[in-house]
Amino acid sequence: MTMISVEQALEKILGYVDVLEGEENPVLDCLGQVLAEDIYSSIDVPPLDNSAMDGYAVQSGDTRGAGRESPRFLRVVETVPAGSIGKCEVEPGTAVRIMTGAPVPKGADSVVQFENTDETSRTGDSGEIGILKEAESGLNIRCAGEDIARGSLVLAKGTVIRPAEVGVLASLGRSVVRVIRRPVIAVLATGEELVEIGKPLPVGKIYNSNSYGLAASVRRCGGIPRILGIARDNEDSMVAGIRQGLDADMLITSGGVSMGDYDMVKDVLAKQGEVAFWTVRMKPGKPIAFGTIRGLDREGVTKHVPHLGLPGNPVSSMVTFELFVRPAILKMMGKKKLAKPTVKAILEDPVVNTDGRRIFARAVVKESNGQYFARLTGLQGSGILTSMSLANGLVIVPEDEARVEKGDVVQVIMLDWSEE
Ligand code: AMP
Ligand code: MG
């Protein structure tokens, strides 16, 4: 069996998945999805010239020479709150009291904020206001269309929707937009020893943690997880489990892909579709099965569902998810950037590489004085899932390095930033 590199494995996997089709989605649900349409604006934002301050709309010419010691007094003709259109024009010698966001009345070319008037020292309605500072034409006026001009391209197809884009879409009045749909990822656990969470644990059994760690990982990168439960280590049970995953966009299984007596995922897969079984030159996570499963879609047309058989050890399943499944999900969602960010960090513990594989060691990365430091999270066995929960990064030890020392600079894949 050939041993392939992480890059070769990823390339093969990505070769099996394509960008999915679009769907219409309420804007808030689009968070993290990719726009499948160009968004043009049918309105100006803001729609009208409006005030950036609570104050007085005036003609700037009337404020010439105004100062704390030399107020210019203007007759106040009305008050305009946000959301209303005033009735009066501002003529020489007059002002309109105006609130932030209210449309600027005709005739006015600037707004003097309350702080630069004698507003607070007045009691009752005197019908006039003292301007205490000169105003330039255009002061405190937000122009119609200054954010978004009617007819302009606001967000291009391919844009990833973040909270700011949700806000921009809402500012155009859009309640629904077309985005690339989220892939449905079926998650199947395998193993005679597994017990579903929430049930008592008989002697000799363990809880099925992989399905939950993997489903959470799917959700975090934007996919829709569908947990299929546990398949037992016999062909019938596995076939039944796999069949349930046929209407998903991808099936991931955990366990049953190594060399043990009951590791039959690859044999079952070979019968149900095409399978490529590799060992990948990495640690954790050496054995991985990949292929497609043949099935029928809802219309009865033959389809091939990509399948990734991840290793059973909990850490291995999560690390291989990050390296192979996450990029596949992001590609299906139409994203261009598929890799997690990496940083260079100074290693605080040595790591020994015994068999020429690329090691992904679980580490805590901290920043100090503009420099990153990476400390391992204790025991690194592939069954020690807490090593993953303590970590925010994966230290990469290249396959051709037998040892990295304390003080060496290493590349670290950032799973999370510690401040999150
Ligand atoms: P396998 O590759 O099936 O031999 O599994 C390797 C190791 O991972 C064994 O110790 C299994 O008990 C464990 N394992 C497999 N599947 C799961 C799971 N869903 N949750 C937790 N541990 C698992
Ligand atoms: Mg097993």
# chains A, B, ... in the order shown; residues from 1 in each chain; ligands from 1
$ residues_around --residues "region 25-29 of chain A" --least-positions-apart "4" --cutoff "7 Å" --atoms "only C-alpha atoms" --output "list in words"
Val166, Ser175, Val176, Val177, Arg178 and Val179 of chain A
$ residues_near_ligand --ligand "ligand 1" --cutoff "9 Å" --atoms "only C-alpha atoms and all ligand atoms" --output "mmCIF file with C-alpha atoms, in the first residue's frame"
data_model
loop_
_atom_site.group_PDB
_atom_site.id
_atom_site.type_symbol
_atom_site.label_atom_id
_atom_site.label_comp_id
_atom_site.auth_asym_id
_atom_site.auth_seq_id
_atom_site.Cartn_x
_atom_site.Cartn_y
_atom_site.Cartn_z
ATOM 1 C CA LEU A 188 -21.631 7.534 10.783
ATOM 2 C CA ALA A 189 -19.746 5.987 13.704
ATOM 3 C CA THR A 190 -18.585 2.369 13.491
ATOM 4 C CA GLY A 191 -17.694 0.001 16.276
ATOM 5 C CA GLU A 192 -19.045 -2.824 18.399
ATOM 6 C CA GLU A 193 -17.767 -1.019 21.513
ATOM 7 C CA LEU A 194 -19.743 2.191 21.050
ATOM 8 C CA VAL A 195 -22.689 3.342 23.136
ATOM 9 C CA LYS A 205 -17.986 -0.156 26.126
ATOM 10 C CA ILE A 206 -17.170 3.501 25.424
ATOM 11 C CA TYR A 207 -19.301 6.439 24.414
ATOM 12 C CA ASN A 208 -19.530 7.437 20.780
ATOM 13 C CA SER A 209 -17.716 10.745 20.985
ATOM 14 C CA ASN A 210 -16.528 10.955 17.388
ATOM 15 C CA SER A 211 -19.942 11.556 15.857
ATOM 16 C CA TYR A 212 -20.446 14.567 18.088
ATOM 17 C CA GLY A 213 -16.972 16.056 17.718
ATOM 18 C CA ILE A 230 -23.635 3.722 15.110
ATOM 19 C CA ASP A 233 -18.667 -4.201 12.870
ATOM 20 C CA THR A 253 -17.420 7.545 8.861
ATOM 21 C CA SER A 254 -15.087 7.058 11.779
ATOM 22 C CA GLY A 255 -13.268 3.876 12.701
ATOM 23 C CA GLY A 256 -12.853 0.568 10.963
ATOM 24 C CA VAL A 257 -10.172 1.686 8.530
ATOM 25 C CA SER A 258 -7.053 0.271 10.158
ATOM 26 C CA MET A 259 -5.633 -3.242 10.185
ATOM 27 C CA GLY A 260 -7.705 -4.883 12.926
ATOM 28 C CA ASP A 261 -9.795 -8.024 12.478
ATOM 29 C CA TYR A 262 -13.030 -6.070 12.395
ATOM 30 C CA ASP A 263 -11.899 -3.069 10.365
ATOM 31 C CA MET A 264 -14.218 -3.678 7.476
ATOM 32 C CA VAL A 265 -15.203 -0.189 6.320
ATOM 33 C CA PRO A 287 -5.218 5.259 7.747
ATOM 34 C CA LEU A 310 -11.681 8.761 9.012
ATOM 35 C CA PRO A 311 -9.678 6.879 11.631
ATOM 36 C CA GLY A 312 -11.458 5.845 14.839
ATOM 37 C CA ASN A 313 -9.140 7.347 17.383
ATOM 38 C CA PRO A 314 -10.852 10.531 18.530
ATOM 39 C CA VAL A 315 -7.878 12.863 18.042
ATOM 40 C CA SER A 316 -7.120 11.332 14.639
ATOM 41 C CA SER A 317 -10.699 11.789 13.506
ATOM 42 C CA SER A 382 -4.346 9.762 19.489
ATOM 43 C CA GLY A 383 -6.881 8.619 22.070
#
$ residues_around --residues "Ser171 (chain A)" --least-positions-apart "5" --cutoff "12 Å" --atoms "only C-alpha atoms" --output "MDAnalysis selection string"
chainID A and resid 27 41:47 145 147:148 154 164:166
$ residues_around --residues "Gln113 (chain A)" --least-positions-apart "3" --cutoff "8 Å" --atoms "only C-alpha atoms" --output "PyMOL selection string"
chain A and resi 53-56+116-117+140
$ residues_around --residues "Thr377 (chain A)" --least-positions-apart "5" --cutoff "8 Å" --atoms "only C-alpha atoms" --output "list in words"
Arg362, Ala363, Val364, Ser387, Met388, Leu390 and Ala391 of chain A
$ select_by_dssp --residues "region 37-246 of chain A" --states "alpha helix (DSSP H)" --output "VMD selection string"
chain A and resid 163 to 171 210 to 220 235 to 244
$ residues_around --residues "Ala186 (chain A)" --least-positions-apart "5" --cutoff "8 Å" --atoms "only C-alpha atoms" --output "list in words"
Pro225, Arg226, Ile227, Leu228, Gly245, Ala248, Asp249, Met250, Leu251 and Ile252 of chain A
$ decode --residues "region 140-160 of chain A" --atoms "C-alpha atoms" --output "compact mmCIF listing (two decimals), in the first residue's frame"
# COMPACT_ATOMS: atom_id res chain seq x y z
CA ASN A 140 -22.78 67.64 9.48
CA ILE A 141 -24.73 66.73 6.37
CA ARG A 142 -24.66 63.13 5.13
CA CYS A 143 -25.36 63.13 1.42
CA ALA A 144 -27.93 60.94 -0.30
CA GLY A 145 -26.22 57.86 -1.75
CA GLU A 146 -22.88 58.54 -0.02
CA ASP A 147 -22.84 54.99 1.39
CA ILE A 148 -24.46 53.19 -1.54
CA ALA A 149 -25.49 54.80 -4.82
CA ARG A 150 -28.62 53.57 -6.56
CA GLY A 151 -27.74 51.17 -9.38
CA SER A 152 -24.26 50.36 -8.09
CA LEU A 153 -22.81 46.88 -7.53
CA VAL A 154 -22.73 46.57 -3.76
CA LEU A 155 -21.65 42.96 -3.16
CA ALA A 156 -20.24 40.74 -5.89
CA LYS A 157 -21.10 37.10 -6.42
CA GLY A 158 -18.53 35.05 -4.48
CA THR A 159 -18.47 37.35 -1.45
CA VAL A 160 -18.46 35.54 1.88
